[in-house]
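Data block for start-v6.pdb (PDB, C-alpha atoms and all ligand atoms):
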```
ATOM      1  CA  MET A  22     -27.768 -41.638  -7.960
ATOM      2  CA  THR A  23     -24.988 -41.055 -10.505
ATOM      3  CA  ASP A  24     -25.448 -38.557 -13.322
ATOM      4  CA  ARG A  25     -25.698 -41.272 -15.918
ATOM      5  CA  GLN A  26     -28.321 -43.328 -14.129
ATOM      6  CA  SER A  27     -31.957 -42.574 -14.945
ATOM      7  CA  PRO A  28     -34.576 -42.683 -12.166
ATOM      8  CA  LEU A  29     -35.778 -45.958 -13.722
ATOM      9  CA  ASP A  30     -32.306 -47.531 -13.661
ATOM     10  CA  HIS A  31     -31.755 -46.304 -10.134
ATOM     11  CA  THR A  32     -35.097 -47.736  -9.001
ATOM     12  CA  LEU A  33     -34.473 -51.084 -10.701
ATOM     13  CA  HIS A  34     -31.132 -51.182  -8.947
ATOM     14  CA  ARG A  35     -32.794 -50.550  -5.571
ATOM     15  CA  ILE A  36     -35.323 -53.303  -6.306
ATOM     16  CA  ARG A  37     -32.552 -55.779  -7.135
ATOM     17  CA  GLN A  38     -30.744 -54.760  -3.963
ATOM     18  CA  ALA A  39     -33.862 -55.237  -1.821
ATOM     19  CA  CYS A  40     -34.355 -58.689  -3.383
ATOM     20  CA  HIS A  41     -30.739 -59.612  -2.815
ATOM     21  CA  GLU A  42     -30.953 -58.685   0.865
ATOM     22  CA  VAL A  43     -33.768 -61.151   1.479
ATOM     23  CA  GLY A  44     -32.718 -63.870  -0.951
ATOM     24  CA  ARG A  45     -35.452 -63.308  -3.523
ATOM     25  CA  ASN A  46     -35.122 -63.570  -7.298
ATOM     26  CA  PRO A  47     -35.519 -60.050  -8.794
ATOM     27  CA  ASN A  48     -37.409 -61.597 -11.712
ATOM     28  CA  ASP A  49     -40.227 -62.367  -9.279
ATOM     29  CA  VAL A  50     -40.811 -58.679  -8.486
ATOM     30  CA  GLN A  51     -42.363 -56.554 -11.208
ATOM     31  CA  LEU A  52     -42.326 -52.784 -11.264
ATOM     32  CA  LEU A  53     -45.673 -51.084 -11.803
ATOM     33  CA  ALA A  54     -45.008 -47.447 -12.737
ATOM     34  CA  VAL A  55     -47.778 -45.305 -11.229
ATOM     35  CA  SER A  56     -48.241 -42.501 -13.729
ATOM     36  CA  LYS A  57     -51.249 -40.652 -12.291
ATOM     37  CA  THR A  58     -51.002 -36.877 -12.845
ATOM     38  CA  TRP A  59     -48.069 -37.301 -15.271
ATOM     39  CA  PRO A  60     -48.538 -36.742 -19.013
ATOM     40  CA  ALA A  61     -48.321 -39.310 -21.794
ATOM     41  CA  GLU A  62     -44.809 -38.053 -22.627
ATOM     42  CA  SER A  63     -43.563 -39.123 -19.194
ATOM     43  CA  ILE A  64     -44.967 -42.607 -19.802
ATOM     44  CA  ALA A  65     -43.440 -42.714 -23.284
ATOM     45  CA  ALA A  66     -40.033 -41.810 -21.851
ATOM     46  CA  LEU A  67     -40.157 -44.758 -19.445
ATOM     47  CA  ALA A  68     -41.543 -47.045 -22.142
ATOM     48  CA  ASP A  69     -38.548 -46.119 -24.318
ATOM     49  CA  GLN A  70     -36.364 -47.489 -21.523
ATOM     50  CA  GLY A  71     -38.256 -50.770 -21.451
ATOM     51  CA  GLN A  72     -40.915 -50.216 -18.769
ATOM     52  CA  ARG A  73     -44.191 -51.965 -19.757
ATOM     53  CA  HIS A  74     -46.537 -51.906 -16.743
ATOM     54  CA  PHE A  75     -48.301 -48.630 -15.915
ATOM     55  CA  GLY A  76     -50.832 -47.893 -13.170
ATOM     56  CA  GLU A  77     -53.503 -45.204 -13.296
ATOM     57  CA  ASN A  78     -56.060 -44.051 -10.692
ATOM     58  CA  TYR A  79     -58.486 -41.879 -12.642
ATOM     59  CA  LEU A  80     -60.337 -43.242 -15.665
ATOM     60  CA  GLN A  81     -60.703 -40.104 -17.792
ATOM     61  CA  GLU A  82     -57.089 -39.145 -17.310
ATOM     62  CA  ALA A  83     -55.962 -42.687 -18.108
ATOM     63  CA  ARG A  84     -58.062 -42.917 -21.262
ATOM     64  CA  GLN A  85     -56.440 -39.804 -22.717
ATOM     65  CA  LYS A  86     -52.991 -41.240 -22.162
ATOM     66  CA  GLN A  87     -53.973 -44.648 -23.512
ATOM     67  CA  GLN A  88     -55.238 -43.011 -26.679
ATOM     68  CA  ALA A  89     -52.035 -41.005 -27.070
ATOM     69  CA  LEU A  90     -49.937 -44.149 -26.568
ATOM     70  CA  HIS A  91     -52.073 -46.701 -28.389
ATOM     71  CA  GLN A  92     -49.317 -47.891 -30.767
ATOM     72  CA  ARG A  93     -47.193 -49.004 -27.843
ATOM     73  CA  ASP A  94     -47.370 -52.428 -26.302
ATOM     74  CA  LEU A  95     -48.104 -51.410 -22.698
ATOM     75  CA  VAL A  96     -49.914 -53.220 -19.893
ATOM     76  CA  TRP A  97     -52.455 -50.987 -18.132
ATOM     77  CA  HIS A  98     -53.412 -51.437 -14.486
ATOM     78  CA  PHE A  99     -56.327 -49.632 -12.842
ATOM     79  CA  ILE A 100     -55.418 -48.964  -9.196
ATOM     80  CA  GLY A 101     -57.890 -46.234  -8.169
ATOM     81  CA  PRO A 102     -61.315 -46.194  -6.534
ATOM     82  CA  LEU A 103     -63.961 -48.059  -8.564
ATOM     83  CA  GLN A 104     -67.400 -46.646  -9.227
ATOM     84  CA  SER A 105     -70.252 -48.503 -10.926
ATOM     85  CA  ASN A 106     -70.564 -45.980 -13.723
ATOM     86  CA  LYS A 107     -66.898 -46.498 -14.687
ATOM     87  CA  THR A 108     -66.762 -50.279 -14.867
ATOM     88  CA  ARG A 109     -67.661 -50.619 -18.556
ATOM     89  CA  GLU A 110     -64.730 -48.544 -19.752
ATOM     90  CA  ILE A 111     -62.363 -50.098 -17.239
ATOM     91  CA  ALA A 112     -63.358 -53.602 -18.354
ATOM     92  CA  ALA A 113     -62.712 -52.619 -21.968
ATOM     93  CA  HIS A 114     -59.430 -50.743 -21.618
ATOM     94  CA  PHE A 115     -57.385 -52.236 -18.790
ATOM     95  CA  ASP A 116     -55.484 -55.495 -18.379
ATOM     96  CA  TRP A 117     -55.555 -55.473 -14.588
ATOM     97  CA  VAL A 118     -57.648 -54.002 -11.757
ATOM     98  CA  HIS A 119     -55.930 -53.890  -8.345
ATOM     99  CA  SER A 120     -58.643 -52.131  -6.348
ATOM    100  CA  LEU A 121     -61.564 -54.544  -6.432
ATOM    101  CA  ASP A 122     -63.395 -54.563  -3.103
ATOM    102  CA  ARG A 123     -67.079 -55.327  -3.777
ATOM    103  CA  ALA A 124     -68.942 -58.269  -5.308
ATOM    104  CA  LYS A 125     -71.263 -55.922  -7.183
ATOM    105  CA  ILE A 126     -68.351 -54.253  -8.974
ATOM    106  CA  ALA A 127     -66.830 -57.669  -9.691
ATOM    107  CA  ARG A 128     -70.042 -58.812 -11.375
ATOM    108  CA  ARG A 129     -70.203 -55.668 -13.498
ATOM    109  CA  LEU A 130     -66.586 -56.003 -14.635
ATOM    110  CA  ASN A 131     -67.241 -59.660 -15.468
ATOM    111  CA  ASP A 132     -70.397 -58.909 -17.449
ATOM    112  CA  GLN A 133     -68.780 -55.981 -19.264
ATOM    113  CA  ARG A 134     -65.424 -57.543 -20.149
ATOM    114  CA  PRO A 135     -65.424 -57.630 -23.985
ATOM    115  CA  ALA A 136     -65.578 -61.147 -25.431
ATOM    116  CA  ASP A 137     -62.526 -60.624 -27.655
ATOM    117  CA  LEU A 138     -60.243 -59.923 -24.670
ATOM    118  CA  PRO A 139     -58.822 -62.461 -22.223
ATOM    119  CA  PRO A 140     -60.323 -62.478 -18.716
ATOM    120  CA  LEU A 141     -59.545 -59.351 -16.706
ATOM    121  CA  ASN A 142     -56.838 -59.871 -14.072
ATOM    122  CA  VAL A 143     -58.034 -58.645 -10.690
ATOM    123  CA  CYS A 144     -56.676 -58.229  -7.174
ATOM    124  CA  ILE A 145     -58.798 -57.737  -4.076
ATOM    125  CA  GLN A 146     -57.865 -54.551  -2.253
ATOM    126  CA  VAL A 147     -57.408 -55.195   1.448
ATOM    127  CA  ASN A 148     -57.895 -52.462   4.050
ATOM    128  CA  VAL A 149     -55.204 -53.980   6.199
ATOM    129  CA  ASP A 150     -55.211 -51.355   8.956
ATOM    130  CA  ASN A 151     -59.022 -50.913   8.951
ATOM    131  CA  GLU A 152     -58.829 -47.227   8.097
ATOM    132  CA  ALA A 153     -62.134 -45.464   7.491
ATOM    133  CA  SER A 154     -60.571 -43.257   4.808
ATOM    134  CA  LYS A 155     -59.423 -46.151   2.624
ATOM    135  CA  GLY A 156     -61.103 -48.549   0.267
ATOM    136  CA  GLY A 157     -60.681 -52.275   0.529
ATOM    137  CA  VAL A 158     -62.152 -55.138   2.501
ATOM    138  CA  PRO A 159     -60.963 -56.204   5.953
ATOM    139  CA  LEU A 160     -58.648 -59.219   5.887
ATOM    140  CA  GLY A 161     -61.408 -61.325   7.429
ATOM    141  CA  ALA A 162     -63.673 -60.711   4.434
ATOM    142  CA  VAL A 163     -61.154 -61.661   1.744
ATOM    143  CA  VAL A 164     -61.940 -65.366   1.500
ATOM    144  CA  GLU A 165     -65.647 -64.809   0.940
ATOM    145  CA  LEU A 166     -65.142 -62.144  -1.742
ATOM    146  CA  ALA A 167     -62.490 -64.330  -3.385
ATOM    147  CA  ALA A 168     -64.966 -67.208  -3.597
ATOM    148  CA  GLN A 169     -67.504 -64.916  -5.290
ATOM    149  CA  ILE A 170     -64.920 -63.700  -7.809
ATOM    150  CA  GLU A 171     -63.831 -67.266  -8.571
ATOM    151  CA  ARG A 172     -67.310 -67.980  -9.924
ATOM    152  CA  LEU A 173     -67.019 -65.184 -12.526
ATOM    153  CA  PRO A 174     -65.536 -66.614 -15.754
ATOM    154  CA  ARG A 175     -64.443 -63.275 -17.270
ATOM    155  CA  LEU A 176     -62.303 -62.369 -14.254
ATOM    156  CA  THR A 177     -59.113 -64.069 -13.093
ATOM    157  CA  LEU A 178     -58.408 -63.522  -9.415
ATOM    158  CA  ARG A 179     -54.625 -63.007  -9.230
ATOM    159  CA  GLY A 180     -54.158 -61.946  -5.614
ATOM    160  CA  LEU A 181     -54.308 -59.111  -3.109
ATOM    161  CA  MET A 182     -53.433 -55.430  -3.074
ATOM    162  CA  ALA A 183     -52.865 -53.345   0.052
ATOM    163  CA  ILE A 184     -51.894 -49.808   1.065
ATOM    164  CA  PRO A 185     -50.877 -49.871   4.744
ATOM    165  CA  ARG A 186     -50.871 -46.800   6.947
ATOM    166  CA  ALA A 187     -47.968 -44.593   5.997
ATOM    167  CA  ASP A 188     -46.660 -43.768   9.452
ATOM    168  CA  ASN A 189     -44.010 -46.334  10.296
ATOM    169  CA  GLU A 190     -42.008 -48.934   8.511
ATOM    170  CA  ASP A 191     -42.171 -51.660  11.164
ATOM    171  CA  GLY A 192     -45.948 -51.410  11.254
ATOM    172  CA  ASN A 193     -46.045 -51.589   7.481
ATOM    173  CA  ARG A 194     -43.916 -54.677   7.442
ATOM    174  CA  ARG A 195     -46.270 -56.422   9.847
ATOM    175  CA  ALA A 196     -49.217 -55.311   7.702
ATOM    176  CA  PHE A 197     -47.545 -56.669   4.560
ATOM    177  CA  ARG A 198     -46.979 -59.952   6.358
ATOM    178  CA  ARG A 199     -50.641 -60.291   7.288
ATOM    179  CA  VAL A 200     -51.633 -59.683   3.658
ATOM    180  CA  ALA A 201     -49.085 -62.252   2.467
ATOM    181  CA  MET A 202     -50.418 -64.850   4.887
ATOM    182  CA  THR A 203     -53.954 -64.372   3.629
ATOM    183  CA  GLN A 204     -52.753 -64.614   0.017
ATOM    184  CA  SER A 205     -50.985 -67.903   0.722
ATOM    185  CA  GLN A 206     -54.205 -69.211   2.273
ATOM    186  CA  LEU A 207     -56.050 -68.439  -0.991
ATOM    187  CA  ARG A 208     -53.373 -70.193  -3.032
ATOM    188  CA  HIS A 209     -54.278 -73.558  -1.502
ATOM    189  CA  THR A 210     -57.496 -73.655  -3.500
ATOM    190  CA  MET A 211     -57.012 -70.980  -6.175
ATOM    191  CA  PRO A 212     -54.038 -71.830  -8.382
ATOM    192  CA  ALA A 213     -54.173 -68.603 -10.446
ATOM    193  CA  VAL A 214     -53.450 -66.553  -7.311
ATOM    194  CA  ASP A 215     -49.801 -65.545  -7.654
ATOM    195  CA  THR A 216     -49.809 -61.802  -6.991
ATOM    196  CA  LEU A 217     -49.132 -59.556  -4.015
ATOM    197  CA  SER A 218     -49.473 -55.912  -5.072
ATOM    198  CA  MET A 219     -47.915 -54.020  -2.208
ATOM    199  CA  GLY A 220     -45.200 -51.477  -1.578
ATOM    200  CA  MET A 221     -44.932 -47.860  -2.750
ATOM    201  CA  SER A 222     -42.002 -45.458  -3.042
ATOM    202  CA  ALA A 223     -41.585 -45.048   0.723
ATOM    203  CA  ASP A 224     -41.899 -48.679   1.801
ATOM    204  CA  PHE A 225     -41.187 -51.041  -1.078
ATOM    205  CA  PRO A 226     -38.137 -52.781   0.458
ATOM    206  CA  ALA A 227     -40.325 -53.953   3.363
ATOM    207  CA  ALA A 228     -42.970 -55.142   0.897
ATOM    208  CA  ILE A 229     -40.351 -57.052  -1.099
ATOM    209  CA  ALA A 230     -39.130 -58.658   2.120
ATOM    210  CA  GLU A 231     -42.672 -59.913   2.739
ATOM    211  CA  GLY A 232     -43.215 -61.311  -0.741
ATOM    212  CA  ALA A 233     -44.537 -58.484  -2.961
ATOM    213  CA  THR A 234     -44.706 -59.446  -6.648
ATOM    214  CA  PHE A 235     -45.850 -56.034  -7.952
ATOM    215  CA  ILE A 236     -44.551 -52.888  -6.336
ATOM    216  CA  ARG A 237     -46.407 -49.724  -7.315
ATOM    217  CA  LEU A 238     -44.043 -46.763  -7.564
ATOM    218  CA  GLY A 239     -44.848 -43.212  -8.591
ATOM    219  CA  THR A 240     -42.667 -40.690  -6.784
ATOM    220  CA  ALA A 241     -39.485 -42.789  -7.069
ATOM    221  CA  LEU A 242     -39.796 -42.797 -10.870
ATOM    222  CA  PHE A 243     -41.422 -39.497 -11.765
ATOM    223  CA  GLY A 244     -40.629 -37.229  -8.834
ATOM    224  CA  ARG A 245     -43.128 -35.532  -6.567
ATOM    225  CA  ARG A 246     -46.585 -35.230  -8.050
ATOM    226  CA  PRO A 247     -47.914 -31.744  -8.738
ATOM    227  CA  ALA A 248     -50.737 -30.807  -6.374
ATOM    228  CA  PRO A 249     -54.029 -31.855  -7.982
ATOM    229  CA  ALA A 250     -55.882 -29.043  -9.735
ATOM    230  CA  ARG A 251     -59.288 -30.478  -8.829
TER
HETATM  231  C1  LIG B   1     -50.291 -43.023  -6.041
HETATM  232  C2  LIG B   1     -50.298 -44.466  -5.727
HETATM  233  C3  LIG B   1     -49.112 -45.222  -5.657
HETATM  234  C4  LIG B   1     -47.719 -44.613  -5.827
HETATM  235  O1  LIG B   1     -47.355 -43.895  -4.701
HETATM  236  P1  LIG B   1     -45.856 -43.290  -4.529
HETATM  237  O2  LIG B   1     -45.762 -43.042  -3.078
HETATM  238  O3  LIG B   1     -45.805 -42.054  -5.357
HETATM  239  O4  LIG B   1     -44.910 -44.334  -5.003
HETATM  240  C5  LIG B   1     -49.207 -46.574  -5.420
HETATM  241  N1  LIG B   1     -50.403 -47.177  -5.245
HETATM  242  C6  LIG B   1     -51.566 -46.513  -5.296
HETATM  243  C7  LIG B   1     -52.835 -47.230  -5.105
HETATM  244  C8  LIG B   1     -51.553 -45.131  -5.533
HETATM  245  O5  LIG B   1     -52.723 -44.470  -5.565
END
```

Now, as a test, write the supplied structure out as structure tokens.
Amino acid sequence: MTDRQSPLDHTLHRIRQACHEVGRNPNDVQLLAVSKTWPAESIAALADQGQRHFGENYLQEARQKQQALHQRDLVWHFIGPLQSNKTREIAAHFDWVHSLDRAKIARRLNDQRPADLPPLNVCIQVNVDNEASKGGVPLGAVVELAAQIERLPRLTLRGLMAIPRADNEDGNRRAFRRVAMTQSQLRHTMPAVDTLSMGMSADFPAAIAEGATFIRLGTALFGRRPAPAR
């Protein structure tokens, strides 16, 4: 990184480079800045440089930042674990949810999406390596959950989100490929499906190579997160 280049510029450069290497158009890959644990000022600094999409994992923390930044035209993505008692506020205050993995939560978000807002964009979270510690549905359960979501008029199913195991890049690339294949299967019958939310700071070039359309980066943009105080 040169002295003059901000972390955002440097990251956008790396994204363009990763696209170039695999012959993809950089306009087809959007950067989702994952701002969990960072204050509203950090978000404002990136927004000043043109970043619009921000991802948050914890509702209360996100709401405080949204309130502090309400004059700005930002797009908010909820990417954390979903609990029933949080769905009403999420449906009211986010543009996207990437971590949908249960029909019951989908129905609540649908019923609670305020009538004056467009349908909520959602991705199904896939537990691509079948890890007990992670949310998401197994790949084999995606089609059935997708069909249930398609019947809910206040949700728009946009695609799939995945967080592969963090231990090796080749394994991740194969995992990303399996997710991409399932997404392309959905696209045959669900024309609004256009999104693959996959790739984080450590593995986004592999995700771009396999077709990611949103890459979710925290550390690359903000630095290492402080250890949680909880
Ligand atoms: C924290 C988080 C990220 C960002 O991770 P980095 O490794 O800091 O880029 C991406 N996606 C989800 C779901 C997260 O919780």

Hey, what comes out of the PyMOL selection byres (((chain A and resi 226) around 12) and not hetatm) on this file? Could you write it as a PyMOL selection string?
chain A and resi 32-43+45+50+190-191+193-194+197+219-225+227-238

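Residues in contact with Arg179 of chain A at up to 8 Å, not including ones fewer than 2 positions away on its chain and judged by all atoms listed in the file, are A:Asn142, A:Val143, A:Cys144, A:Thr177, A:Leu181, A:Ala213, A:Val214, A:Asp215, A:Thr216.
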
What would the selection look like, as JSON, numbers by chain, if the PyMOL selection byres (((chain A and resi 207) around 12) and not hetatm) were run on the coordinates I just shared?
{"A": [144, 145, 160, 163, 164, 165, 166, 167, 168, 171, 178, 179, 180, 181, 200, 201, 202, 203, 204, 205, 206, 208, 209, 210, 211, 212, 213, 214, 215, 216, 217]}

Atom pair atom CA of Ile100 of chain A + atom C2 of ligand LIG 1 (chain B), distance 7.6 Å

Centre and size of axis-aligned box enclosing segment 92-111 of chain A plus 4 Å each side, as lines of an AutoDock Vina configuration file:
```
center_x = -58.9
center_y = -49.6
center_z = -18.7
size_x = 31.4
size_y = 15.2
size_z = 32.2
```

To test your reading of the syntax: which residues would the PyMOL selection byres (((not hetatm)) within 12 of (chain B and resi 1)) return for the file shown? Reply as an MDAnalysis selection string.
chainID A and resid 32 52:59 75:79 98:103 118:121 144 146:148 155:157 182:187 218:225 235:247 249

Would you kindly identify which residues have an atom no farther than 7 Å from (-63.4, -55.8, -12.6), using all atoms listed in the file and the file's own coordinates, and write them out as number ranges by chain?
A: 108, 112, 118, 121, 126-127, 129-131, 141, 143, 176

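You will find atom CA of Pro28 of chain A at 20.6 Å from atom CA of Trp97 of chain A.
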
Give me, as a tab-separated table, each residue of segment 35-76 of chain A that comes within 10 Å of segment 84-93 of chain A, together with its shortest interatomic pair and the distance in Å at one decimal, counting all atoms listed in the file, with rows ordered by chain and rising residue number.
```
residue	atom	partner	partner_atom	distance
A:Ser56	CA	A:Lys86	CA	9.8
A:Trp59	CA	A:Lys86	CA	9.3
A:Pro60	CA	A:Lys86	CA	7.1
A:Ala61	CA	A:Lys86	CA	5.1
A:Glu62	CA	A:Lys86	CA	8.8
A:Ile64	CA	A:Lys86	CA	8.5
A:Ala65	CA	A:Leu90	CA	7.4
A:Ala68	CA	A:Arg93	CA	8.3
A:Asp69	CA	A:Arg93	CA	9.8
A:Arg73	CA	A:Arg93	CA	9.1
```

Expressed in Å, the length from atom CA of Glu110 of chain A to atom CA of Ala248 of chain A is 26.3 Å

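If you measure from each of A:Asp137, A:Leu80, A:Arg123, A:Asp94 to Ile111 of chain A using all atoms listed in the file, the closest one turns out to be A:Leu80.
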